[in-house]
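Enquirer: Structure file query18.pdb (PDB, C-alpha atoms and all ligand atoms) is given on the next line.
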```
ATOM      1  CA  MET A   1       4.634-122.340 160.199  1.00  0.00           C
ATOM      2  CA  ALA A   2       6.770-119.283 159.438  1.00  0.00           C
ATOM      3  CA  VAL A   3       9.090-121.445 157.320  1.00  0.00           C
ATOM      4  CA  ARG A   4       6.122-122.858 155.441  1.00  0.00           C
ATOM      5  CA  LEU A   5       4.913-119.356 154.556  1.00  0.00           C
ATOM      6  CA  LEU A   6       8.401-118.173 153.729  1.00  0.00           C
ATOM      7  CA  GLN A   7       9.178-121.015 151.317  1.00  0.00           C
ATOM      8  CA  PRO A   8       6.870-119.947 148.409  1.00  0.00           C
ATOM      9  CA  LEU A   9       8.090-116.360 148.815  1.00  0.00           C
ATOM     10  CA  LEU A  10      11.743-117.455 148.639  1.00  0.00           C
ATOM     11  CA  LEU A  11      10.966-119.576 145.553  1.00  0.00           C
ATOM     12  CA  LEU A  12       9.310-116.597 143.874  1.00  0.00           C
ATOM     13  CA  VAL A  13      12.282-114.346 144.634  1.00  0.00           C
ATOM     14  CA  ALA A  14      14.689-117.028 143.352  1.00  0.00           C
ATOM     15  CA  ASN A  15      12.658-117.437 140.140  1.00  0.00           C
ATOM     16  CA  VAL A  16      12.566-113.725 139.418  1.00  0.00           C
ATOM     17  CA  ALA A  17      16.309-113.443 140.127  1.00  0.00           C
ATOM     18  CA  PHE A  18      16.974-116.399 137.798  1.00  0.00           C
ATOM     19  CA  SER A  19      14.850-114.918 134.984  1.00  0.00           C
ATOM     20  CA  LEU A  20      16.577-111.543 135.268  1.00  0.00           C
ATOM     21  CA  GLY A  21      20.066-113.041 135.306  1.00  0.00           C
ATOM     22  CA  HIS A  22      19.335-115.564 132.588  1.00  0.00           C
ATOM     23  CA  ASN A  23      18.589-114.217 129.136  1.00  0.00           C
ATOM     24  CA  ILE A  24      15.949-116.637 127.811  1.00  0.00           C
ATOM     25  CA  GLN A  25      16.566-115.320 124.288  1.00  0.00           C
ATOM     26  CA  ASN A  26      20.034-116.903 124.350  1.00  0.00           C
ATOM     27  CA  THR A  27      18.586-120.304 125.272  1.00  0.00           C
ATOM     28  CA  PRO A  28      18.374-122.487 122.160  1.00  0.00           C
ATOM     29  CA  THR A  29      14.918-123.911 121.479  1.00  0.00           C
ATOM     30  CA  PRO A  30      15.230-127.567 120.485  1.00  0.00           C
ATOM     31  CA  ASN A  31      14.135-128.593 117.022  1.00  0.00           C
ATOM     32  CA  VAL A  32      11.327-131.147 117.277  1.00  0.00           C
ATOM     33  CA  SER A  33      10.581-133.056 114.079  1.00  0.00           C
ATOM     34  CA  TYR A  34       8.247-135.953 113.329  1.00  0.00           C
ATOM     35  CA  PHE A  35       9.957-139.354 113.384  1.00  0.00           C
ATOM     36  CA  GLY A  36       7.193-141.919 113.058  1.00  0.00           C
ATOM     37  CA  THR A  37       4.186-143.619 114.619  1.00  0.00           C
ATOM     38  CA  MET A  38       3.970-146.846 116.550  1.00  0.00           C
ATOM     39  CA  HIS A  39       0.720-148.769 117.032  1.00  0.00           C
ATOM     40  CA  LEU A  40       0.463-151.308 119.866  1.00  0.00           C
ATOM     41  CA  THR A  41      -2.368-153.553 120.982  1.00  0.00           C
ATOM     42  CA  PHE A  42      -2.218-154.632 124.604  1.00  0.00           C
ATOM     43  CA  GLY A  43      -3.440-157.948 125.994  1.00  0.00           C
ATOM     44  CA  ASP A  44      -5.213-158.431 129.332  1.00  0.00           C
ATOM     45  CA  PHE A  45      -3.550-156.941 132.388  1.00  0.00           C
ATOM     46  CA  LEU A  46      -1.966-159.057 135.086  1.00  0.00           C
ATOM     47  CA  ILE A  47      -2.526-157.230 138.374  1.00  0.00           C
ATOM     48  CA  VAL A  48       0.220-157.861 140.905  1.00  0.00           C
ATOM     49  CA  GLY A  49      -1.529-155.919 143.711  1.00  0.00           C
ATOM     50  CA  ASN A  50      -0.246-153.392 146.221  1.00  0.00           C
ATOM     51  CA  THR A  51       3.441-153.939 146.850  1.00  0.00           C
ATOM     52  CA  PRO A  52       5.853-151.865 148.960  1.00  0.00           C
ATOM     53  CA  THR A  53       6.982-150.102 145.761  1.00  0.00           C
ATOM     54  CA  GLY A  54       3.612-149.524 144.055  1.00  0.00           C
ATOM     55  CA  SER A  55       0.972-151.493 142.148  1.00  0.00           C
ATOM     56  CA  PRO A  56       2.513-153.236 139.140  1.00  0.00           C
ATOM     57  CA  ILE A  57       0.403-154.171 136.119  1.00  0.00           C
ATOM     58  CA  ILE A  58       1.839-156.235 133.298  1.00  0.00           C
ATOM     59  CA  THR A  59       0.612-156.924 129.790  1.00  0.00           C
ATOM     60  CA  ALA A  60       1.916-158.894 126.838  1.00  0.00           C
ATOM     61  CA  THR A  61       1.728-156.734 123.714  1.00  0.00           C
ATOM     62  CA  GLN A  62      -0.311-158.700 121.155  1.00  0.00           C
ATOM     63  CA  ALA A  63       0.369-156.877 117.908  1.00  0.00           C
ATOM     64  CA  GLY A  64       1.804-153.660 116.592  1.00  0.00           C
ATOM     65  CA  ASN A  65       3.619-151.835 113.872  1.00  0.00           C
ATOM     66  CA  ILE A  66       5.868-148.865 113.253  1.00  0.00           C
ATOM     67  CA  THR A  67       5.782-146.520 110.287  1.00  0.00           C
ATOM     68  CA  GLY A  68       7.892-143.522 109.371  1.00  0.00           C
ATOM     69  CA  PRO A  69       8.841-141.507 106.303  1.00  0.00           C
ATOM     70  CA  ASP A  70      11.303-144.203 105.140  1.00  0.00           C
ATOM     71  CA  PHE A  71      10.538-147.338 107.142  1.00  0.00           C
ATOM     72  CA  GLU A  72       7.681-149.672 107.978  1.00  0.00           C
ATOM     73  CA  GLY A  73       7.603-152.798 110.108  1.00  0.00           C
ATOM     74  CA  GLN A  74       5.547-155.184 112.171  1.00  0.00           C
ATOM     75  CA  LEU A  75       5.913-156.071 115.844  1.00  0.00           C
ATOM     76  CA  ALA A  76       7.960-159.227 116.429  1.00  0.00           C
ATOM     77  CA  LEU A  77       7.152-161.078 119.664  1.00  0.00           C
ATOM     78  CA  PRO A  78       7.917-161.269 122.544  1.00  0.00           C
ATOM     79  CA  ALA A  79       6.899-157.774 123.609  1.00  0.00           C
ATOM     80  CA  GLY A  80       5.322-156.372 126.717  1.00  0.00           C
ATOM     81  CA  ASP A  81       4.697-153.515 129.059  1.00  0.00           C
ATOM     82  CA  TRP A  82       5.518-153.420 132.713  1.00  0.00           C
ATOM     83  CA  ALA A  83       3.860-150.526 134.514  1.00  0.00           C
ATOM     84  CA  TRP A  84       3.287-149.502 138.079  1.00  0.00           C
ATOM     85  CA  VAL A  85       1.288-146.814 139.806  1.00  0.00           C
ATOM     86  CA  ASP A  86       3.198-145.036 142.570  1.00  0.00           C
ATOM     87  CA  SER A  87       1.885-143.573 145.836  1.00  0.00           C
ATOM     88  CA  THR A  88       1.407-140.148 144.180  1.00  0.00           C
ATOM     89  CA  ASN A  89      -0.901-141.666 141.513  1.00  0.00           C
ATOM     90  CA  HIS A  90       1.548-141.486 138.632  1.00  0.00           C
ATOM     91  CA  ILE A  91       2.033-144.399 136.289  1.00  0.00           C
ATOM     92  CA  HIS A  92       5.565-145.489 135.356  1.00  0.00           C
ATOM     93  CA  ILE A  93       5.801-147.467 132.123  1.00  0.00           C
ATOM     94  CA  ASP A  94       8.581-149.703 130.863  1.00  0.00           C
ATOM     95  CA  GLY A  95       7.702-151.124 127.448  1.00  0.00           C
ATOM     96  CA  ARG A  96       9.955-153.369 125.370  1.00  0.00           C
ATOM     97  CA  TYR A  97       9.264-154.208 121.748  1.00  0.00           C
ATOM     98  CA  GLN A  98      11.024-155.132 118.561  1.00  0.00           C
ATOM     99  CA  PHE A  99       9.950-154.528 115.006  1.00  0.00           C
ATOM    100  CA  LYS A 100      10.904-156.381 111.854  1.00  0.00           C
ATOM    101  CA  LEU A 101      11.007-153.843 109.040  1.00  0.00           C
ATOM    102  CA  THR A 102       9.985-154.690 105.480  1.00  0.00           C
ATOM    103  CA  ASP A 103      13.683-154.845 104.487  1.00  0.00           C
ATOM    104  CA  GLY A 104      14.340-157.404 107.254  1.00  0.00           C
ATOM    105  CA  SER A 105      16.060-154.987 109.690  1.00  0.00           C
ATOM    106  CA  ILE A 106      15.293-155.511 113.366  1.00  0.00           C
ATOM    107  CA  ILE A 107      14.729-152.458 115.564  1.00  0.00           C
ATOM    108  CA  TYR A 108      14.575-152.967 119.329  1.00  0.00           C
ATOM    109  CA  VAL A 109      12.667-150.296 121.228  1.00  0.00           C
ATOM    110  CA  GLN A 110      12.523-149.608 124.934  1.00  0.00           C
ATOM    111  CA  ALA A 111      10.049-146.927 125.969  1.00  0.00           C
ATOM    112  CA  THR A 112       9.890-145.558 129.506  1.00  0.00           C
ATOM    113  CA  GLY A 113       7.998-142.651 130.979  1.00  0.00           C
ATOM    114  CA  VAL A 114       5.826-141.274 133.763  1.00  0.00           C
ATOM    115  CA  SER A 115       2.288-139.925 133.355  1.00  0.00           C
ATOM    116  CA  PRO A 116      -0.521-138.871 135.696  1.00  0.00           C
ATOM    117  CA  ALA A 117      -2.674-141.959 136.409  1.00  0.00           C
ATOM    118  CA  THR A 118      -6.450-142.174 136.474  1.00  0.00           C
ATOM    119  CA  GLY A 119      -6.771-143.706 139.924  1.00  0.00           C
ATOM    120  CA  SER A 120      -7.904-147.069 138.581  1.00  0.00           C
ATOM    121  CA  GLU A 121      -5.261-149.775 138.178  1.00  0.00           C
ATOM    122  CA  THR A 122      -6.383-151.018 134.771  1.00  0.00           C
ATOM    123  CA  ASP A 123      -7.853-147.834 133.363  1.00  0.00           C
ATOM    124  CA  LEU A 124      -4.682-146.322 131.940  1.00  0.00           C
ATOM    125  CA  PRO A 125      -4.706-142.612 131.076  1.00  0.00           C
ATOM    126  CA  THR A 126      -5.812-141.726 127.533  1.00  0.00           C
ATOM    127  CA  LYS A 127      -2.850-139.363 127.151  1.00  0.00           C
ATOM    128  CA  MET A 128       0.627-140.424 128.224  1.00  0.00           C
ATOM    129  CA  TYR A 129       4.285-139.546 127.690  1.00  0.00           C
ATOM    130  CA  LEU A 130       7.077-141.918 126.736  1.00  0.00           C
ATOM    131  CA  ARG A 131      10.767-141.604 125.954  1.00  0.00           C
ATOM    132  CA  PRO A 132      11.558-144.293 123.426  1.00  0.00           C
ATOM    133  CA  SER A 133      15.121-145.413 122.726  1.00  0.00           C
ATOM    134  CA  PHE A 134      16.140-147.532 119.772  1.00  0.00           C
ATOM    135  CA  LEU A 135      18.799-150.157 119.149  1.00  0.00           C
ATOM    136  CA  THR A 136      19.683-151.654 115.794  1.00  0.00           C
ATOM    137  CA  GLY A 137      22.649-153.026 113.911  1.00  0.00           C
ATOM    138  CA  ALA A 138      21.144-152.108 110.537  1.00  0.00           C
ATOM    139  CA  GLU A 139      23.371-149.576 108.807  1.00  0.00           C
ATOM    140  CA  LYS A 140      20.494-147.686 107.195  1.00  0.00           C
ATOM    141  CA  TYR A 141      18.858-147.037 110.572  1.00  0.00           C
ATOM    142  CA  PHE A 142      22.034-146.742 112.660  1.00  0.00           C
ATOM    143  CA  TYR A 143      21.220-143.099 113.488  1.00  0.00           C
ATOM    144  CA  MET A 144      18.318-144.355 115.602  1.00  0.00           C
ATOM    145  CA  ASN A 145      20.842-145.679 118.157  1.00  0.00           C
ATOM    146  CA  TYR A 146      21.791-142.070 119.002  1.00  0.00           C
ATOM    147  CA  MET A 147      18.429-140.381 118.567  1.00  0.00           C
ATOM    148  CA  VAL A 148      16.829-138.326 121.349  1.00  0.00           C
ATOM    149  CA  SER A 149      13.089-138.734 121.053  1.00  0.00           C
ATOM    150  CA  THR A 150       9.844-138.252 122.878  1.00  0.00           C
ATOM    151  CA  ALA A 151       6.416-139.756 122.264  1.00  0.00           C
ATOM    152  CA  LEU A 152       2.906-138.490 122.874  1.00  0.00           C
ATOM    153  CA  VAL A 153       0.773-141.560 123.505  1.00  0.00           C
ATOM    154  CA  ARG A 154      -2.948-141.849 122.825  1.00  0.00           C
ATOM    155  CA  ARG A 155      -4.866-144.786 124.283  1.00  0.00           C
ATOM    156  CA  ASN A 156      -8.167-146.057 122.980  1.00  0.00           C
ATOM    157  CA  GLY A 157      -9.135-149.175 124.936  1.00  0.00           C
ATOM    158  CA  LEU A 158      -6.285-151.637 124.530  1.00  0.00           C
ATOM    159  CA  ASP A 159      -4.930-149.832 121.451  1.00  0.00           C
ATOM    160  CA  LEU A 160      -2.086-147.384 121.830  1.00  0.00           C
ATOM    161  CA  THR A 161      -0.751-144.912 119.283  1.00  0.00           C
ATOM    162  CA  LEU A 162       2.659-143.405 119.913  1.00  0.00           C
ATOM    163  CA  ASP A 163       3.551-140.373 117.818  1.00  0.00           C
ATOM    164  CA  ILE A 164       7.305-140.123 118.096  1.00  0.00           C
ATOM    165  CA  TRP A 165       9.213-136.853 117.737  1.00  0.00           C
ATOM    166  CA  GLU A 166      12.926-136.427 117.334  1.00  0.00           C
ATOM    167  CA  VAL A 167      14.617-133.702 119.372  1.00  0.00           C
ATOM    168  CA  THR A 168      17.757-132.036 118.023  1.00  0.00           C
ATOM    169  CA  TRP A 169      19.724-128.833 118.359  1.00  0.00           C
ATOM    170  CA  PRO A 170      18.303-126.135 116.053  1.00  0.00           C
ATOM    171  CA  ASP A 171      20.292-125.707 112.843  1.00  0.00           C
ATOM    172  CA  VAL A 172      22.553-128.666 113.596  1.00  0.00           C
ATOM    173  CA  GLN A 173      22.457-131.781 111.439  1.00  0.00           C
ATOM    174  CA  ARG A 174      21.932-134.951 113.487  1.00  0.00           C
TER     175      ARG A 174
HETATM  176  C1  LIG B   1      -0.714-150.499 112.028  1.00  0.00           C
HETATM  177  O1  LIG B   1      -1.694-150.797 113.004  1.00  0.00           O
HETATM  178  C2  LIG B   1      -2.840-149.959 112.944  1.00  0.00           C
HETATM  179  C3  LIG B   1      -3.731-150.298 114.140  1.00  0.00           C
HETATM  180  O2  LIG B   1      -3.986-151.653 114.184  1.00  0.00           O
HETATM  181  C4  LIG B   1      -3.525-150.158 111.607  1.00  0.00           C
HETATM  182  O3  LIG B   1      -4.633-149.295 111.524  1.00  0.00           O
HETATM  183  C5  LIG B   1      -2.548-149.847 110.488  1.00  0.00           C
HETATM  184  O4  LIG B   1      -3.137-150.129 109.233  1.00  0.00           O
HETATM  185  C6  LIG B   1      -1.291-150.684 110.629  1.00  0.00           C
HETATM  186  N1  LIG B   1      -0.294-150.257 109.652  1.00  0.00           N
HETATM  187  C7  LIG B   1       0.568-151.142 109.099  1.00  0.00           C
HETATM  188  C8  LIG B   1       1.523-150.544 108.109  1.00  0.00           C
HETATM  189  O5  LIG B   1       0.617-152.319 109.386  1.00  0.00           O
HETATM  190  C1  LIG B   2      14.655-129.275 112.153  1.00  0.00           C
HETATM  191  O1  LIG B   2      14.824-130.622 111.758  1.00  0.00           O
HETATM  192  C2  LIG B   2      14.356-130.908 110.459  1.00  0.00           C
HETATM  193  C3  LIG B   2      14.481-132.405 110.242  1.00  0.00           C
HETATM  194  O2  LIG B   2      15.787-132.850 110.476  1.00  0.00           O
HETATM  195  C4  LIG B   2      15.128-130.088 109.450  1.00  0.00           C
HETATM  196  O3  LIG B   2      14.628-130.324 108.159  1.00  0.00           O
HETATM  197  C5  LIG B   2      15.014-128.604 109.789  1.00  0.00           C
HETATM  198  O4  LIG B   2      15.817-127.857 108.926  1.00  0.00           O
HETATM  199  C6  LIG B   2      15.419-128.347 111.218  1.00  0.00           C
HETATM  200  N1  LIG B   2      15.174-126.969 111.571  1.00  0.00           N
HETATM  201  C7  LIG B   2      16.056-126.262 112.283  1.00  0.00           C
HETATM  202  C8  LIG B   2      15.646-124.854 112.606  1.00  0.00           C
HETATM  203  O5  LIG B   2      17.103-126.710 112.682  1.00  0.00           O
END
```
What does this structure look like when you write it as structure tokens?
Expert:
Amino acid sequence: MAVRLLQPLLLLVANVAFSLGHNIQNTPTPNVSYFGTMHLTFGDFLIVGNTPTGSPIITATQAGNITGPDFEGQLALPAGDWAWVDSTNHIHIDGRYQFKLTDGSIIYVQATGVSPATGSETDLPTKMYLRPSFLTGAEKYFYMNYMVSTALVRRNGLDLTLDIWEVTWPDVQR
């Protein structure tokens, strides 16, 4: 019991000590700039049920597109999302898609992330987080292979909108 009471106090002391010793003003704030938007339409969910490692739900992505300041493309199948809700009611998503851009370039995207779940297996949260990563051999879009990005995801029924933001050092060209 004493340890349990002591723990928050120790954490508080450690936090204050860290803040005093660490000048936050010298910590660079990352530059976050808009990269593009991805639309996805999910199909019906396959419910695997309660397994020792969570409750997986799987869906084949039916349609989608990606648009950005200098690119536009449509989803090329196959594409899908594998998700599972863990014992702390957080949903882990692993989505895999590829897009064929209007100039013929293929961009492969894998998006993973964890978000608070709603408590219902098929009722995904309306706001989620994802960390997309991109792979392409197209020279024009080669920078995407090295890009650090994050996506804020909005869900409306089976339609998802991912607004993707690129994260870079401030004042450093990518
Ligand atoms: C992308 O999909 C969304 C949702 O279906 C649609 O509103 C939008 O017009 C589409 N954009 C393109 C460029 O295909
Ligand atoms: C942030 O990134 C954008 C897009 O690359 C760039 O135009 C801008 O100058 C950057 N700002 C800083 C403070 O680095």
Enquirer: Could you state which residues are captured by the PyMOL selection byres (((chain A and resi 24-37) around 9) and not hetatm) in this file, as a count of residues only?
Expert: 24
Enquirer: Could you check the closest approach to A:Gly43 for each of A:Asp70, A:Glu139, A:Asp123, A:Asp81 and tell me which residue wins, using only C-alpha atoms?
Expert: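 When distances to A:Gly43 are compared using only C-alpha atoms, the smallest one comes from A:Asp81.
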Enquirer: From the options A:Val48, A:Ile107, A:Leu75, A:Leu152, which residue's atoms come nearest to ligand LIG 1 (chain B), counting all atoms listed in the file?
Expert: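 Selected residue with least distance to ligand LIG 1 (chain B): A:Leu75.
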Enquirer: Measuring between only C-alpha atoms, which one of A:Ile57, A:Leu46, A:Ala63, A:Ile106 shows the shortest distance to A:Thr136?
Expert: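 That would be A:Ile106, the residue with the smallest distance to A:Thr136.
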Enquirer: Between A:Pro125, A:Gly137, A:Gly49, A:Gly73, single out the one closest to ligand LIG 1 (chain B), counting only C-alpha atoms and all ligand atoms.
Expert: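 Between A:Pro125, A:Gly137, A:Gly49, A:Gly73, the residue approaching ligand LIG 1 (chain B) most closely is A:Gly73.
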Enquirer: For atom CA of A:Ala111 and atom CA of A:Val172, quote the distance in Å rounded to one decimal.
Expert: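 According to the coordinates, atom CA of A:Ala111 and atom CA of A:Val172 are separated by 25.4 Å.
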Enquirer: Take the point (7.1, -157.8, 112.5) in the file's coordinates, draw a sphere of radius 7 Å around it, and report as a PyMOL selection string every protein, DNA or RNA residue with an atom inside or on it, counting only C-alpha atoms.
Expert: chain A and resi 73-76+99-101
Enquirer: Which one is closest to A:Pro56: A:Asp44, A:Trp84, A:Ala79, A:Ser133? Count only C-alpha atoms.
Expert: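 Counting only C-alpha atoms, the residue closest to A:Pro56 is A:Trp84.
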Enquirer: Where does the PyMOL selection byres (((chain A and resi 158) around 8) and not hetatm) land in this file, that is, which residues does it pick, as a list in words?
Expert: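 With the PyMOL selection byres (((chain A and resi 158) around 8) and not hetatm) on this model, the match is Thr41, Phe42, Gly43, Arg155, Asn156, Gly157, Asp159 and Leu160 of chain A.
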Enquirer: Report the distance between atom CA of A:His90 and atom CA of A:Pro52 in Å, rounded to one decimal place.
Expert: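 That distance, rounded to one decimal, is 15.3 Å.
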Enquirer: Please rebuild stretch 115-127 of chain A with N, CA and C atoms and return the result as a short mmCIF file (atom, residue, chain, number, x, y, z; two decimals), keeping the file's coordinate frame.
Expert:
```cif
data_model
loop_
_atom_site.label_atom_id
_atom_site.label_comp_id
_atom_site.auth_asym_id
_atom_site.auth_seq_id
_atom_site.Cartn_x
_atom_site.Cartn_y
_atom_site.Cartn_z
N SER A 115 3.46 -140.73 133.71
CA SER A 115 2.29 -139.93 133.35
C SER A 115 1.33 -139.91 134.53
N PRO A 116 0.51 -138.86 134.65
CA PRO A 116 -0.52 -138.87 135.70
C PRO A 116 -1.46 -140.06 135.47
N ALA A 117 -1.80 -140.78 136.53
CA ALA A 117 -2.67 -141.96 136.41
C ALA A 117 -4.13 -141.57 136.66
N THR A 118 -5.02 -142.49 136.36
CA THR A 118 -6.45 -142.17 136.47
C THR A 118 -7.03 -142.53 137.84
N GLY A 119 -6.26 -143.28 138.63
CA GLY A 119 -6.77 -143.71 139.92
C GLY A 119 -7.26 -145.14 139.90
N SER A 120 -7.50 -145.67 138.70
CA SER A 120 -7.90 -147.07 138.58
C SER A 120 -6.73 -147.85 137.98
N GLU A 121 -6.45 -149.02 138.57
CA GLU A 121 -5.26 -149.78 138.18
C GLU A 121 -5.23 -150.13 136.69
N THR A 122 -6.38 -150.53 136.15
CA THR A 122 -6.38 -151.02 134.77
C THR A 122 -6.83 -149.97 133.76
N ASP A 123 -7.40 -148.88 134.27
CA ASP A 123 -7.85 -147.83 133.36
C ASP A 123 -6.70 -146.85 133.16
N LEU A 124 -5.84 -147.17 132.19
CA LEU A 124 -4.68 -146.32 131.94
C LEU A 124 -5.15 -144.97 131.42
N PRO A 125 -4.33 -143.93 131.61
CA PRO A 125 -4.71 -142.61 131.08
C PRO A 125 -4.86 -142.66 129.56
N THR A 126 -5.65 -141.75 129.00
CA THR A 126 -5.81 -141.73 127.53
C THR A 126 -4.71 -140.90 126.86
N LYS A 127 -3.99 -140.12 127.68
CA LYS A 127 -2.85 -139.36 127.15
C LYS A 127 -1.65 -139.63 128.04
#
```
